[in-house]
Amino acid sequence: MKRKLLFVWTLFCFLLSSSLCTAAEGISINGYDWQKWSRGSKLAFVQGWAICGKSAYDNLILDLNKWDESFNFLKLQEEGFKDAGILLGGVTIGQIIDTIDKIYSDPRVTTMDISAIMPFVSGRLIQGWSEKELDEITAIYVRLNQCEKKENIPGSFENCSSLRKERNAYLQKIKRK
């Protein structure tokens with residue numbers, strides 16, 4: 001009986017994650033939504049996220065006639081996918097859920113979409129950011145998001161460029177460690 005239940009649950013998670021993969025464009029999840037979910041719902045979401053990320057990476061088109069260029073492109077894409085929190089190999093789903101829980105417990109980011117939080121998850125789990133580094137990059141992103149909301153006012157585009165430079169410089173600094 002337990003095997004049947006496990007099989008049905010696994011099949012359900014797979015089908016749910018597959019459907020989320022194709023319909024993810026219209027989904028928006030913030031910290032308030034995340035905090036309402038049960039552990040099982042979070043597990044299914046993270047599993048779907050991981051499957052979709054791996055599928056996206058696996059389906060990158062390579063030109064076999066230009067193998068060296070394609071290989072370099074693939075390496076760059078892999079790094080970009082990891083930085084964006086799309087590829088999360090080498091960690092457990094439980095670690096990912098716990099990290100998202102921790103990040104969303106910060107009131108500064110509860111309104112941020114999950115796609116904006118996943119790079120923080122990757123930074124903490126994959127790239128080894130310390131708590132202090134996570135807090136500092138979160139503060140920069142929060143200030144940048146606030147600035148970009150105000151940036152919709154005509155003529156205010158340049159106001160956020162210094163924050164973008166600060167973000168990029170800080171990300172480069174913690175990548176080099």
# chains A, B, ... in the order shown; residues from 1 in each chain; ligands from 1
$ select_by_dssp --residues "chain A" --states "helix (DSSP H, G or I)" --output "MDAnalysis selection string"
chainID A and resid 2:26 31:36 39:58 64:83 93:104 114:125 131:150 157:176
$ write_last_selection --atoms "C-alpha atoms" --output "CSV table (one decimal), in the first residue's frame"
chain,number,residue,atom,x,y,z
A,2,LYS,CA,2.8,2.4,0.9
A,3,ARG,CA,4.5,1.7,-2.5
A,4,LYS,CA,1.3,2.5,-4.3
A,5,LEU,CA,0.8,5.7,-2.4
A,6,LEU,CA,4.5,6.7,-3.0
A,7,PHE,CA,4.0,5.9,-6.7
A,8,VAL,CA,0.8,8.0,-7.0
A,9,TRP,CA,2.5,10.9,-5.1
A,10,THR,CA,5.6,10.8,-7.3
A,11,LEU,CA,3.4,10.7,-10.4
A,12,PHE,CA,1.3,13.6,-9.2
A,13,CYS,CA,4.5,15.7,-8.4
A,14,PHE,CA,5.9,14.9,-11.9
A,15,LEU,CA,2.7,15.8,-13.7
A,16,LEU,CA,2.3,19.0,-11.6
A,17,SER,CA,5.9,20.0,-12.3
A,18,SER,CA,5.5,19.3,-16.0
A,19,SER,CA,2.4,21.4,-16.2
A,20,LEU,CA,4.0,24.2,-14.3
A,21,CYS,CA,7.0,24.1,-16.6
A,22,THR,CA,4.8,24.9,-19.6
A,23,ALA,CA,2.4,27.3,-17.8
A,24,ALA,CA,5.0,29.1,-15.5
A,25,GLU,CA,4.9,32.3,-17.5
A,26,GLY,CA,1.6,33.4,-15.9
A,31,GLY,CA,6.6,35.6,0.1
A,32,TYR,CA,3.0,35.9,1.3
A,33,ASP,CA,1.9,33.2,-1.0
A,34,TRP,CA,4.9,31.0,-0.1
A,35,GLN,CA,4.4,31.3,3.6
A,36,LYS,CA,0.8,30.1,3.3
A,39,ARG,CA,5.6,21.8,3.1
A,40,GLY,CA,4.2,19.4,0.5
A,41,SER,CA,3.2,22.3,-1.8
A,42,LYS,CA,6.6,23.8,-1.4
A,43,LEU,CA,8.2,20.5,-2.2
A,44,ALA,CA,6.2,20.1,-5.4
A,45,PHE,CA,7.0,23.7,-6.5
A,46,VAL,CA,10.7,23.3,-5.9
A,47,GLN,CA,10.8,19.9,-7.6
A,48,GLY,CA,9.0,21.4,-10.6
A,49,TRP,CA,11.3,24.4,-10.6
A,50,ALA,CA,14.4,22.1,-10.6
A,51,ILE,CA,12.9,19.9,-13.4
A,52,CYS,CA,12.0,22.9,-15.6
A,53,GLY,CA,15.5,24.4,-15.1
A,54,LYS,CA,17.2,21.2,-16.0
A,55,SER,CA,15.0,20.8,-19.0
A,56,ALA,CA,15.7,24.3,-20.2
A,57,TYR,CA,19.4,23.8,-19.8
A,58,ASP,CA,19.3,20.3,-21.5
A,64,LEU,CA,27.9,20.7,-33.9
A,65,ASN,CA,29.7,22.4,-36.8
A,66,LYS,CA,31.1,25.0,-34.3
A,67,TRP,CA,31.8,22.8,-31.4
A,68,ASP,CA,34.2,25.1,-29.5
A,69,GLU,CA,31.9,28.1,-29.8
A,70,SER,CA,28.9,25.9,-28.7
A,71,PHE,CA,30.9,24.5,-25.8
A,72,ASN,CA,31.8,28.0,-24.6
A,73,PHE,CA,28.2,29.1,-25.0
A,74,LEU,CA,27.1,26.1,-23.0
A,75,LYS,CA,29.5,27.0,-20.2
A,76,LEU,CA,28.3,30.6,-20.1
A,77,GLN,CA,24.7,29.5,-20.1
A,78,GLU,CA,25.3,27.1,-17.2
A,79,GLU,CA,26.9,29.8,-15.2
A,80,GLY,CA,24.0,32.2,-16.0
A,81,PHE,CA,21.5,29.5,-15.1
A,82,LYS,CA,23.2,28.9,-11.8
A,83,ASP,CA,23.4,32.6,-11.0
A,93,ILE,CA,15.0,20.0,-2.1
A,94,GLY,CA,14.7,20.4,1.7
A,95,GLN,CA,17.7,22.8,1.7
A,96,ILE,CA,16.2,24.8,-1.1
A,97,ILE,CA,12.8,25.1,0.7
A,98,ASP,CA,14.5,26.0,4.0
A,99,THR,CA,16.6,28.7,2.3
A,100,ILE,CA,13.5,30.1,0.6
A,101,ASP,CA,11.7,30.1,3.9
A,102,LYS,CA,14.6,32.0,5.5
A,103,ILE,CA,14.8,34.5,2.7
A,104,TYR,CA,11.1,35.2,2.7
A,114,ILE,CA,10.0,33.9,-6.4
A,115,SER,CA,12.0,34.3,-9.6
A,116,ALA,CA,13.8,37.3,-8.0
A,117,ILE,CA,14.4,35.2,-4.9
A,118,MET,CA,15.9,32.2,-6.6
A,119,PRO,CA,19.2,33.9,-7.4
A,120,PHE,CA,19.6,34.5,-3.6
A,121,VAL,CA,18.9,30.8,-3.0
A,122,SER,CA,21.6,29.9,-5.5
A,123,GLY,CA,24.0,32.4,-4.0
A,124,ARG,CA,23.5,31.0,-0.5
A,125,LEU,CA,23.5,27.3,-1.4
A,131,GLU,CA,24.6,35.3,5.9
A,132,LYS,CA,26.2,38.8,5.9
A,133,GLU,CA,26.7,38.7,2.1
A,134,LEU,CA,23.1,37.5,1.6
A,135,ASP,CA,21.9,40.4,3.7
A,136,GLU,CA,24.0,42.9,1.9
A,137,ILE,CA,23.0,41.8,-1.6
A,138,THR,CA,19.3,41.7,-0.4
A,139,ALA,CA,19.6,45.3,0.8
A,140,ILE,CA,21.0,46.4,-2.6
A,141,TYR,CA,18.2,44.6,-4.5
A,142,VAL,CA,15.6,46.1,-2.3
A,143,ARG,CA,16.9,49.6,-2.9
A,144,LEU,CA,17.2,48.9,-6.6
A,145,ASN,CA,13.6,47.6,-6.8
A,146,GLN,CA,12.3,50.7,-5.0
A,147,CYS,CA,14.3,52.9,-7.4
A,148,GLU,CA,13.1,51.0,-10.5
A,149,LYS,CA,9.5,51.5,-9.4
A,150,LYS,CA,10.1,55.2,-9.3
A,157,PHE,CA,16.2,56.3,-15.9
A,158,GLU,CA,19.6,57.4,-14.8
A,159,ASN,CA,18.7,57.6,-11.1
A,160,CYS,CA,19.1,53.8,-10.6
A,161,SER,CA,22.4,53.3,-12.6
A,162,SER,CA,24.6,53.8,-9.6
A,163,LEU,CA,22.6,51.1,-7.7
A,164,ARG,CA,23.0,48.7,-10.7
A,165,LYS,CA,26.7,49.3,-10.7
A,166,GLU,CA,26.8,48.7,-7.0
A,167,ARG,CA,24.9,45.4,-7.4
A,168,ASN,CA,27.1,44.2,-10.2
A,169,ALA,CA,30.3,45.2,-8.4
A,170,TYR,CA,29.2,43.4,-5.2
A,171,LEU,CA,28.2,40.3,-7.1
A,172,GLN,CA,31.6,40.2,-8.8
A,173,LYS,CA,33.3,40.7,-5.4
A,174,ILE,CA,31.5,37.7,-3.8
A,175,LYS,CA,32.0,35.6,-6.9
A,176,ARG,CA,35.8,36.0,-6.7
$ closest_residue --among "A:Ile61, A:Gly90, A:Ser28, A:Gln127" --to "Met112 of chain A" --atoms "only C-alpha atoms"
A:Ser28
$ atom_distance --atom1 "atom CA of Gly128 of chain A" --atom2 "atom CA of Ile27 of chain A"
28.5 Å
$ atom_distance --atom1 "atom CA of Gly85 of chain A" --atom2 "atom CA of Ile126 of chain A"
9.0 Å
